[in-house]
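Peer 1: Take a look at this one; I'll ask things after.
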Amino acid sequence: MHFCFYPRHEYACAHVGHCPHLGGAALGSVVDAANENGDYLEMLHGPLDAERRTVAKLLLELETLRKELEQVKLELRLERQNKFRTGGEEQEPGETTAVENNSAEASAANAEPRKCSPVGHPAWFRATPTEFDQAIAVATPSRCPHCGGEVRCFPDAELGEHVQEDVVERVSQVVCYRHPAARCRSCRRWVQQAGPGEILGSQIGPQLRAWAFFLRNDIGISYRKVPRTLRELFDFPFTPAALLGFEKLVAQPAEAVTDDIGQKLASSDGAVPADETYWTLDGQRAYYWVHGDEKYIHFQFDTSRAGEVSRDVLGEHFAGTLVTDCYSGYHAHVAKAKQKCLVHVARQAREWQKLTAVGSRAWQFFQDVKEFFQRGCAFQRDRQAGKLSAAEQETEKAWLRGELARLKACPLDHRKALTLQPRLVRHHEEWLVFLDDPRVPPTNDLAERALRPLVVMRKTSFGHRTRERAQRMAALMTVQETTKRHGHKASEIYYRLLTQPPNRVLEYLYAGGKSKS
């Protein structure tokens with residue numbers, strides 16, 4: 001604020017030059033000082049006002065982005081809901097969508113979701129065949145499957161008929177299973193025993209279910225396309241919802257086989273590569289963990305990426321060698337030995353080398369790191385192929401150990417190189433474990449290859465909505481991949497899971513398929 005002063009005004013005070021109220025100071029001096037102070041304050045307040053305007057602009061932009069984010073979330077939720085809507089469903093003229101009514105969507109999100117078909121969804125029922133290709137008389141169970149009690153048979157009662165459709169030797173077949181009336185003397189339940197190739201209470205047989213599991217979990221076809229595929233091949237219609245019911249039926253025996261595979265890995269004294277990949281669970285981040293070797297593969301689903309998930313699979317004190325990348329979640333794992341993946345560091349060196357000048361000290365460091373890890377992997381391949389003599393092996397081992405010591409101590413001046421070098425130092429005892437143990441691979445490539453089908457499926461299915469379905473898929477993938485490592489067909493193990501108890505399935509799996517049917 002500037003003050004105006006007119007000393008020659010007609011009403012001017014006679015004491016302008018020496019005002020007694022200002023201690024004898026001249027009024028003009030006081031006004032000049034006040035004006036100078038005002039200019040100084042304006043200079044100080046100017047940047048503050050500019051910053052206030054900037055902050056107000058950023059707050060406005062932040063609020064706009066927050067609204068856009070909420071809008072995108074609502075659109076994503078609507079898109080996920082529409083994935084499972086039929087093509088014949090149309091929105092009513094007065095219906096309000098989730099995107100159009102944010103407040104209604106927010107209140108509906110807190111309510112319990114309704115698990116029912118949309119209004120107007122056409123019902124679908126499988127027609128029961130009236131003609132049979134084969135009729136099989138099933139014997140009475142010797143013991144009650146529920147309580148193990150004695151079973152009483154009523155031979156004069158009418159036989160119970162169960163009609164089941166399946167594909168046998170690539171041909172559709174309808175079988176009628178005839179069960180005698182039998183009742184447990186202890187629990188008083190009416191009991192039946194499954195005939196050959198029969199699933200009690202089901203209209204669809206185990207062979208078709210096994211192929212559906214194979215198409216879904218091994219080939220990676222979506223839930224909607226699996227029924228279309230089987231209908232095109234065998235003219236056998238069923239719904240995607242039925243495929244989910246198939247998985248629930250096979251989940252319990254698959255869990256028993258999965259637990260046994262996990263125990264065998266935990267008791268192994270050899271090398272077990274491990275890795276993890278992210279998954280989506282109802283829009284949130286989750287993870288699939290994989291542990292395995294040449295004979296067994298185990299998948300574990302969890303919402304946590306903490307290392308305790310791996311320790312739950314292999315145990316707190318693992319007697320073998322754990323082969324992983326440099327993820328810190330494996331640091332607390334207690335194992336006989338740990339081998340870090342050479343390919344991960346070589347890949348990192350290749351990427352960071354592009355950021356350095358050709359011929360510089362950092363560029364040469366990254367080049368030496370790549371050569372070091374390439375020679376390490378080549379040494380393992382040549383040793384397994386029997387191409388190296390004992391003397392050549394010792395020479396290569398000495399070079400690898402010496403080169404690792406040089407790489408850990410060489411002077412560097414680039415930021416990326418100074419990031420990679422401490423990693424070599426931090427895990428200095430975990431890079432060359434494979435030199436002394438031929439069973440240990442220098443990479444965790446086996447685990448990464450086991451996760452590859454899940455990565456492909458993640459891009460096409462967008463994850464799961466419930467934890468139970470994700471865990472079921474982990475169990476089915478465990479059984480399927482272990483089966484293939486033992487030389488069996490995936491569809492065959494699924495068939496046996498549906499028709500045999502878990503102990504018979506394990507006998508078939510581990511004995512090379514010599515178990516009696």
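If you're wondering about the labels, chains in the structure tokens are A, B, ... by order shown, residues count from 1 in each chain, ligands from 1 in order shown.
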Could you make a table, as a Markdown table, of the residues of stretch 234-288 of chain A that have an atom within 7 Å of an atom of stretch 446-455 of chain A, each with its nearest atom pair and distance in Å to one decimal, counting only C-alpha atoms, in chain and number order?
Peer 2:
```
| residue | atom | partner | partner_atom | distance |
| --- | --- | --- | --- | --- |
| A:Pro273 | CA | A:Ala447 | CA | 5.7 |
| A:Ala274 | CA | A:Ala447 | CA | 5.5 |
| A:Asp275 | CA | A:Ala447 | CA | 5.7 |
```
Peer 1: Produce a file of the selected residues containing N, CA and C atoms, as a short mmCIF file (atom, residue, chain, number, x, y, z; two decimals), in the first residue's frame.
Peer 2:
```cif
data_model
loop_
_atom_site.label_atom_id
_atom_site.label_comp_id
_atom_site.auth_asym_id
_atom_site.auth_seq_id
_atom_site.Cartn_x
_atom_site.Cartn_y
_atom_site.Cartn_z
N PRO A 273 14.31 -75.43 -8.10
CA PRO A 273 14.11 -74.05 -8.57
C PRO A 273 12.75 -73.52 -8.11
N ALA A 274 12.70 -72.22 -7.85
CA ALA A 274 11.47 -71.58 -7.37
C ALA A 274 11.31 -70.23 -8.05
N ASP A 275 10.06 -69.83 -8.22
CA ASP A 275 9.77 -68.52 -8.82
C ASP A 275 8.33 -68.18 -8.48
#
```
Peer 1: With only C-alpha atoms counted and 10 Å as the cut-off, give the residues of stretch 425-477 of chain A in contact with stretch 375-380 of chain A, each with its shortest interatomic distance in Å and the pair that gives it, as a tab-separated table.
Peer 2:
```
residue	atom	partner	partner_atom	distance
A:Trp431	CA	A:Gly376	CA	9.5
A:Leu432	CA	A:Gly376	CA	8.2
A:Phe434	CA	A:Gln380	CA	7.8
A:Leu435	CA	A:Gln380	CA	7.9
A:Pro438	CA	A:Gln380	CA	7.6
A:Arg439	CA	A:Gln380	CA	9.7
A:Val440	CA	A:Gln380	CA	9.1
A:Pro441	CA	A:Gln380	CA	7.4
A:Pro442	CA	A:Cys377	CA	6.3
A:Thr443	CA	A:Cys377	CA	8.0
```
Peer 1: Print the selection's residues with C-alpha atoms to a file, as a CSV table (one decimal), in the first residue's frame.
Peer 2:
```csv
chain,number,residue,atom,x,y,z
A,431,TRP,CA,26.6,-67.7,-7.7
A,432,LEU,CA,28.8,-70.8,-8.2
A,434,PHE,CA,26.5,-75.5,-9.3
A,435,LEU,CA,30.3,-76.0,-9.8
A,438,PRO,CA,26.2,-81.2,-10.9
A,439,ARG,CA,22.6,-81.7,-9.8
A,440,VAL,CA,22.2,-77.9,-9.3
A,441,PRO,CA,21.3,-75.9,-12.4
A,442,PRO,CA,22.8,-72.4,-12.8
A,443,THR,CA,19.4,-70.9,-13.5
```
Peer 1: Contacts of A:Ala181 at 10 Å or less, counting only C-alpha atoms, minus same-chain residues fewer than 5 places along, as a list in words?
Peer 2: Thr140, Arg152, Cys153, Phe154, Pro155, Asp156, Ala157, Glu158, Leu159, Gly160, Trp190, Val191 and Gln192 of chain A
Peer 1: Kindly give the distance, in Å, that separates atom CA of A:Ala417 and atom CA of A:Val343, rounded to a single decimal.
Peer 2: 16.9 Å
Peer 1: Residues at most 12 Å from A:Pro145, counting only C-alpha atoms, excluding those fewer than 3 positions away in the same chain, as JSON, numbers by chain?
Peer 2: {"A": [140, 141, 142, 148, 149, 150, 151, 182, 183, 184, 186, 187, 189, 190, 191, 192, 193, 194]}
Peer 1: Applying 9 Å and only C-alpha atoms, which residues near A:Thr483 remain after dropping the ones on its own chain fewer than 2 positions away? List them as a list of chain:residue names.
Peer 2: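 Residues meeting the cut-off are A:Lys295, A:Tyr296, A:Thr478, A:Val479, A:Gln480, A:Glu481, A:Arg485, A:His486, A:Gly487, A:His488, A:Lys489, A:Ala490, A:Ile493, A:Leu509, A:Tyr510.
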Peer 1: Find the residue from A:Val30, A:Val272, A:Val163, A:Ala385 that sits nearest to A:Gly201; use only C-alpha atoms when measuring.
Peer 2: A:Val163
Peer 1: Skipping near chain neighbours, those fewer than 4 positions away, what residues fall within 8 Å of A:Pro502 using only C-alpha atoms, listed as a PyMOL selection string?
Peer 2: chain A and resi 253-254+256-257+497+506
Peer 1: If you count only C-alpha atoms, which residues fall within 9 Å of A:Pro196, apart from same-chain ones fewer than 6 positions away, as JSON, numbers by chain?
Peer 2: {"A": [136, 138, 499]}
Peer 1: Output C-alpha atoms for every residue in the selection just made, as a CSV table (one decimal), in the first residue's frame.
Peer 2:
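File written: part.csv
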```
chain,number,residue,atom,x,y,z
A,136,ILE,CA,-24.1,-102.2,-16.7
A,138,VAL,CA,-23.3,-102.6,-10.6
A,499,THR,CA,-12.9,-92.4,-11.0
```
Peer 1: Could you state the separation of atom CA of A:Ala127 and atom CA of A:Leu498 in Å, given to one decimal place?
Peer 2: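 According to the coordinates, atom CA of A:Ala127 and atom CA of A:Leu498 are separated by 22.9 Å.
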Peer 1: To one decimal in Å, tell me the separation between atom CA of A:Tyr508 and atom CA of A:Leu208.
Peer 2: 20.3 Å
Peer 1: Could you tell me, as a ChimeraX atom specification, which residues of stretch 291-468 of chain A DSSP assigns to helix (DSSP H, G or I) when given the backbone?
Peer 2: /A:308-314,328-330,342-353,361-384,390-409,415-426,433-435,445-461,467-468
Peer 1: Just the strand (DSSP E or B) stuff from stretch 165-401 of chain A, please, per backbone DSSP, written as a PDB file with C-alpha atoms, in the first residue's frame.
Peer 2:
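Ended up saving to part-v8.pdb:
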```pdb
ATOM      1  CA  GLU A 165     -23.344 -89.710 -21.326  1.00  0.00           C
ATOM      2  CA  ASP A 166     -19.675 -89.760 -22.209  1.00  0.00           C
ATOM      3  CA  VAL A 167     -17.221 -90.016 -25.092  1.00  0.00           C
ATOM      4  CA  VAL A 168     -15.566 -93.425 -25.247  1.00  0.00           C
ATOM      5  CA  VAL A 171     -17.435 -91.824 -29.926  1.00  0.00           C
ATOM      6  CA  SER A 172     -20.405 -90.520 -27.911  1.00  0.00           C
ATOM      7  CA  GLN A 173     -21.914 -93.241 -25.765  1.00  0.00           C
ATOM      8  CA  VAL A 174     -24.862 -93.463 -23.377  1.00  0.00           C
ATOM      9  CA  VAL A 175     -24.547 -95.962 -20.510  1.00  0.00           C
ATOM     10  CA  CYS A 176     -27.270 -96.987 -18.086  1.00  0.00           C
ATOM     11  CA  TYR A 177     -25.934 -98.094 -14.690  1.00  0.00           C
ATOM     12  CA  ARG A 178     -28.344-100.254 -12.674  1.00  0.00           C
ATOM     13  CA  HIS A 179     -27.798-100.170  -8.914  1.00  0.00           C
ATOM     14  CA  ALA A 181     -31.184-101.074  -3.414  1.00  0.00           C
ATOM     15  CA  ALA A 182     -28.818-101.187  -0.438  1.00  0.00           C
ATOM     16  CA  ARG A 183     -28.861 -99.505   2.979  1.00  0.00           C
ATOM     17  CA  CYS A 184     -26.298 -99.096   5.739  1.00  0.00           C
ATOM     18  CA  TRP A 190     -29.140 -95.634   1.096  1.00  0.00           C
ATOM     19  CA  ILE A 204     -21.704 -86.322 -17.936  1.00  0.00           C
ATOM     20  CA  ALA A 271      17.977 -78.757  -6.381  1.00  0.00           C
ATOM     21  CA  VAL A 272      14.533 -77.129  -6.343  1.00  0.00           C
ATOM     22  CA  PRO A 273      14.112 -74.047  -8.572  1.00  0.00           C
ATOM     23  CA  ALA A 274      11.470 -71.582  -7.370  1.00  0.00           C
ATOM     24  CA  ASP A 275       9.768 -68.523  -8.817  1.00  0.00           C
ATOM     25  CA  GLU A 276       6.551 -66.517  -8.551  1.00  0.00           C
ATOM     26  CA  THR A 277       4.306 -64.452 -10.811  1.00  0.00           C
ATOM     27  CA  TYR A 278       1.519 -62.035 -10.055  1.00  0.00           C
ATOM     28  CA  TRP A 279      -2.155 -62.840 -10.542  1.00  0.00           C
ATOM     29  CA  THR A 280      -5.381 -60.898 -10.212  1.00  0.00           C
ATOM     30  CA  LEU A 281      -7.885 -61.857  -7.522  1.00  0.00           C
ATOM     31  CA  GLN A 284      -6.439 -57.091  -6.383  1.00  0.00           C
ATOM     32  CA  ARG A 285      -2.838 -58.276  -6.709  1.00  0.00           C
ATOM     33  CA  ALA A 286      -2.115 -61.891  -5.753  1.00  0.00           C
ATOM     34  CA  TYR A 287       0.601 -64.416  -6.641  1.00  0.00           C
ATOM     35  CA  TYR A 288       1.228 -67.941  -7.875  1.00  0.00           C
ATOM     36  CA  TRP A 289       4.360 -69.604  -6.473  1.00  0.00           C
ATOM     37  CA  VAL A 290       6.005 -72.566  -8.150  1.00  0.00           C
ATOM     38  CA  HIS A 291       8.590 -75.011  -6.767  1.00  0.00           C
ATOM     39  CA  GLY A 292       9.777 -78.023  -8.684  1.00  0.00           C
ATOM     40  CA  ILE A 297       6.065 -79.369  -9.891  1.00  0.00           C
ATOM     41  CA  HIS A 298       4.084 -77.697  -7.124  1.00  0.00           C
ATOM     42  CA  PHE A 299       1.918 -74.568  -7.518  1.00  0.00           C
ATOM     43  CA  GLN A 300       0.812 -72.506  -4.536  1.00  0.00           C
ATOM     44  CA  PHE A 301      -1.639 -69.600  -4.651  1.00  0.00           C
ATOM     45  CA  ASP A 302      -1.465 -66.822  -2.076  1.00  0.00           C
ATOM     46  CA  HIS A 317      14.853 -76.084   7.081  1.00  0.00           C
ATOM     47  CA  PHE A 318      15.160 -77.317   3.500  1.00  0.00           C
ATOM     48  CA  ALA A 319      17.698 -80.097   3.009  1.00  0.00           C
ATOM     49  CA  GLY A 320      18.325 -79.342  -0.664  1.00  0.00           C
ATOM     50  CA  THR A 321      19.520 -76.446  -2.815  1.00  0.00           C
ATOM     51  CA  LEU A 322      17.098 -73.606  -3.485  1.00  0.00           C
ATOM     52  CA  VAL A 323      17.551 -72.052  -6.946  1.00  0.00           C
ATOM     53  CA  THR A 324      15.962 -68.597  -7.221  1.00  0.00           C
ATOM     54  CA  VAL A 334      17.059 -71.737   5.546  1.00  0.00           C
ATOM     55  CA  ALA A 335      18.436 -74.289   3.062  1.00  0.00           C
ATOM     56  CA  LYS A 336      21.515 -76.450   2.731  1.00  0.00           C
ATOM     57  CA  ALA A 337      22.621 -74.213  -0.148  1.00  0.00           C
ATOM     58  CA  LYS A 338      21.243 -71.471  -2.383  1.00  0.00           C
ATOM     59  CA  GLN A 339      21.994 -70.898  -6.052  1.00  0.00           C
ATOM     60  CA  LYS A 340      21.129 -67.572  -7.668  1.00  0.00           C
TER      61      LYS A 340
END
```
Peer 1: Could you tell me which of A:Phe234, A:Thr303, A:Ala511, A:Pro411 comes closest to A:Glu169 if we count only C-alpha atoms?
Peer 2: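 Of the candidates, the smallest distance to A:Glu169 is held by A:Phe234.
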